[in-house]
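Enquirer: Quick one: the structure is below, questions incoming.
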Amino acid sequence: MYLIPIMLLGLGTGYGQKDSYLTYTHLDSTFTLQYPNDWKVTKQEDGKVLFTPSLDTSKVTGENFRVVAFGPTISVTIKRPMYPDQTSIEVCDSFVNFLKNADYTVHHNEEKILPNVSDKSCMVQYDTKGEKIEAMHGERNSEPGMTFVIRHGDLLYFISYDATVDYYFNKYMPAMEQVINSFRIL
């Protein structure tokens with residue numbers, strides 16, 4: 001078991017540099033955030049927004065793997081809660097139960113205070129506990145991920161970060177920190 005520290009104040013170098021970020025405002029003007037200027041933004045039909053980096057494919061081993069399968073993705077999804085009175089903490093608890101039933105190991109499930117959000121939120125950190133495969137740089141493919149859940153009014157915001165290889169998950173963690181630090185509900 002490993003833990004990924006989340007720094008909500010102060011960022012390192014590289015992807016933590018604020019001047020290398022663009023601002024994204026959701027189509028419905030419900031939220032805004034900053035993301036690395038060299039990342040691709042994809043808006044899906046279901047309303048989910050994906051942020052993905054360009055990756056160096058020379059580091060991927062094996063037979064013709066799709067790079068997106070290894071690289072990190074930050075996604076933002078807006079949903080209405082199943083139960084009107086459900087808090088973000090209760091939603092996280094339900095998400096944890098879902099992950100455990102889907103063969104994931106949950107490392108954290110805790111309340112978080114985000115810098116630009118007045119509502120309570122929580123963060124769940126997880127990875128797979130099923131069969132592991134050797135991937136790149138001798139690292140194990142554990143599908144690490146984390147999801148922040150924010151309840152604001154009658155909407156739930158899910159900000160998720162995951163990758164199928166620990167190498168990319170750790171490498172782009174400063175980008176996730178910047179996204180979380182910059183996330184604002186309008």
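Each chain of the structure tokens is named A, B, ... in the order shown, its residues numbered from 1; ligands are numbered from 1 in display order.
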Could you please write out, as number ranges by chain, every residue of range 89-163 of chain A that DSSP assigns to strand (DSSP E)?

Expert: A: 104-112, 121-128, 145-152, 155-162

Enquirer: Give me a file of those residues, with N, CA, C and O atoms, as a tab-separated table (two decimals), in the first residue's frame.

Expert:
```tsv
chain	number	residue	atom	x	y	z
A	104	TYR	N	-11.13	-2.89	-6.18
A	104	TYR	CA	-10.15	-1.83	-5.93
A	104	TYR	C	-9.79	-1.81	-4.45
A	104	TYR	O	-10.60	-2.19	-3.61
A	105	THR	N	-8.61	-1.32	-4.15
A	105	THR	CA	-8.20	-1.08	-2.77
A	105	THR	C	-8.35	0.42	-2.52
A	105	THR	O	-7.85	1.24	-3.31
A	106	VAL	N	-9.02	0.79	-1.46
A	106	VAL	CA	-9.21	2.21	-1.12
A	106	VAL	C	-8.20	2.58	-0.04
A	106	VAL	O	-8.13	1.94	1.00
A	107	HIS	N	-7.38	3.60	-0.31
A	107	HIS	CA	-6.35	4.02	0.63
A	107	HIS	C	-6.77	5.20	1.49
A	107	HIS	O	-6.28	5.36	2.60
A	108	HIS	N	-7.60	6.06	0.96
A	108	HIS	CA	-8.06	7.25	1.69
A	108	HIS	C	-9.52	7.49	1.36
A	108	HIS	O	-9.95	7.30	0.25
A	109	ASN	N	-10.23	7.97	2.32
A	109	ASN	CA	-11.58	8.48	2.15
A	109	ASN	C	-11.73	9.53	3.23
A	109	ASN	O	-12.00	9.21	4.37
A	110	GLU	N	-11.51	10.77	2.86
A	110	GLU	CA	-11.49	11.81	3.88
A	110	GLU	C	-12.05	13.12	3.38
A	110	GLU	O	-12.06	13.38	2.19
A	111	GLU	N	-12.52	13.93	4.32
A	111	GLU	CA	-12.98	15.28	4.00
A	111	GLU	C	-11.79	16.12	3.58
A	111	GLU	O	-10.69	15.96	4.10
A	112	LYS	N	-12.03	17.03	2.63
A	112	LYS	CA	-10.99	17.96	2.18
A	112	LYS	C	-11.58	19.36	2.11
A	112	LYS	O	-12.74	19.54	1.80
A	121	SER	N	-16.06	18.99	0.77
A	121	SER	CA	-15.74	18.02	-0.26
A	121	SER	C	-15.01	16.86	0.39
A	121	SER	O	-14.64	16.92	1.56
A	122	CYS	N	-14.81	15.82	-0.38
A	122	CYS	CA	-14.04	14.69	0.12
A	122	CYS	C	-13.18	14.14	-0.99
A	122	CYS	O	-13.41	14.42	-2.17
A	123	MET	N	-12.17	13.37	-0.62
A	123	MET	CA	-11.25	12.78	-1.57
A	123	MET	C	-11.14	11.30	-1.28
A	123	MET	O	-11.01	10.89	-0.13
A	124	VAL	N	-11.20	10.49	-2.34
A	124	VAL	CA	-11.02	9.05	-2.24
A	124	VAL	C	-9.81	8.69	-3.09
A	124	VAL	O	-9.72	9.10	-4.25
A	125	GLN	N	-8.87	7.95	-2.52
A	125	GLN	CA	-7.68	7.50	-3.25
A	125	GLN	C	-7.71	5.99	-3.31
A	125	GLN	O	-8.00	5.32	-2.31
A	126	TYR	N	-7.41	5.42	-4.48
A	126	TYR	CA	-7.60	3.99	-4.68
A	126	TYR	C	-6.64	3.45	-5.75
A	126	TYR	O	-6.01	4.20	-6.48
A	127	ASP	N	-6.55	2.13	-5.83
A	127	ASP	CA	-5.90	1.44	-6.94
A	127	ASP	C	-6.44	0.02	-7.01
A	127	ASP	O	-7.15	-0.43	-6.12
A	128	THR	N	-6.12	-0.66	-8.11
A	128	THR	CA	-6.63	-2.02	-8.27
A	128	THR	C	-5.90	-2.95	-7.34
A	128	THR	O	-4.74	-2.73	-6.99
A	145	GLY	N	-5.67	5.91	-8.73
A	145	GLY	CA	-6.60	6.99	-9.02
A	145	GLY	C	-7.04	7.71	-7.77
A	145	GLY	O	-6.84	7.23	-6.65
A	146	MET	N	-7.62	8.87	-7.98
A	146	MET	CA	-8.22	9.61	-6.88
A	146	MET	C	-9.38	10.41	-7.44
A	146	MET	O	-9.37	10.81	-8.60
A	147	THR	N	-10.38	10.59	-6.62
A	147	THR	CA	-11.55	11.36	-7.01
A	147	THR	C	-11.93	12.30	-5.88
A	147	THR	O	-11.98	11.89	-4.72
A	148	PHE	N	-12.16	13.55	-6.24
A	148	PHE	CA	-12.69	14.54	-5.31
A	148	PHE	C	-14.17	14.69	-5.61
A	148	PHE	O	-14.57	14.75	-6.78
A	149	VAL	N	-15.00	14.73	-4.58
A	149	VAL	CA	-16.44	14.91	-4.74
A	149	VAL	C	-16.83	16.19	-4.01
A	149	VAL	O	-16.51	16.37	-2.84
A	150	ILE	N	-17.54	17.07	-4.73
A	150	ILE	CA	-17.98	18.34	-4.16
A	150	ILE	C	-19.48	18.45	-4.39
A	150	ILE	O	-19.96	18.29	-5.52
A	151	ARG	N	-20.21	18.70	-3.34
A	151	ARG	CA	-21.67	18.92	-3.45
A	151	ARG	C	-21.88	20.42	-3.36
A	151	ARG	O	-21.49	21.07	-2.40
A	152	HIS	N	-22.51	21.00	-4.38
A	152	HIS	CA	-22.83	22.43	-4.38
A	152	HIS	C	-24.27	22.57	-4.86
A	152	HIS	O	-24.59	22.25	-6.00
A	155	LEU	N	-26.11	20.00	-7.28
A	155	LEU	CA	-25.18	19.33	-8.19
A	155	LEU	C	-24.02	18.70	-7.43
A	155	LEU	O	-23.59	19.19	-6.39
A	156	LEU	N	-23.52	17.61	-8.01
A	156	LEU	CA	-22.30	16.96	-7.53
A	156	LEU	C	-21.22	17.14	-8.59
A	156	LEU	O	-21.47	16.93	-9.77
A	157	TYR	N	-20.03	17.52	-8.16
A	157	TYR	CA	-18.90	17.64	-9.06
A	157	TYR	C	-17.91	16.53	-8.70
A	157	TYR	O	-17.50	16.42	-7.54
A	158	PHE	N	-17.54	15.72	-9.68
A	158	PHE	CA	-16.54	14.67	-9.49
A	158	PHE	C	-15.31	15.07	-10.29
A	158	PHE	O	-15.38	15.20	-11.52
A	159	ILE	N	-14.19	15.29	-9.60
A	159	ILE	CA	-12.92	15.57	-10.28
A	159	ILE	C	-12.05	14.35	-10.05
A	159	ILE	O	-11.66	14.06	-8.91
A	160	SER	N	-11.76	13.64	-11.12
A	160	SER	CA	-11.03	12.38	-11.00
A	160	SER	C	-9.68	12.47	-11.70
A	160	SER	O	-9.54	13.16	-12.71
A	161	TYR	N	-8.74	11.75	-11.16
A	161	TYR	CA	-7.40	11.66	-11.74
A	161	TYR	C	-6.98	10.21	-11.69
A	161	TYR	O	-6.99	9.60	-10.62
A	162	ASP	N	-6.64	9.64	-12.85
A	162	ASP	CA	-6.19	8.25	-12.85
A	162	ASP	C	-5.25	7.98	-14.01
A	162	ASP	O	-5.15	8.76	-14.95
```

Enquirer: Residues of range 24-109 of chain A in helix (DSSP H, G or I) according to DSSP, as a ChimeraX atom specification?

Expert: /A:57-59,67-70,88-101

Enquirer: Given the choices A:Leu114, A:Pro72, A:Phe95, A:Asp28, which gets closest to Asn170 in chain A if the distance is worked out from only C-alpha atoms?

Expert: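 Smallest separation from Asn170 in chain A among the options: A:Pro72.
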
Enquirer: Find the residue from A:Arg184, A:Lys48, A:Lys40, A:Lys120 that sits nearest to Ser75 in chain A; use only C-alpha atoms when measuring.

Expert: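 Looking at the shortest contact to Ser75 in chain A, the residue is A:Lys48.
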
Enquirer: Let me make sure I understand: among A:Gln178, A:Phe169, A:Gly153, A:Val41, which one has the smallest atom-to-atom distance to Arg80 in chain A if we use only C-alpha atoms?

Expert: A:Gly153
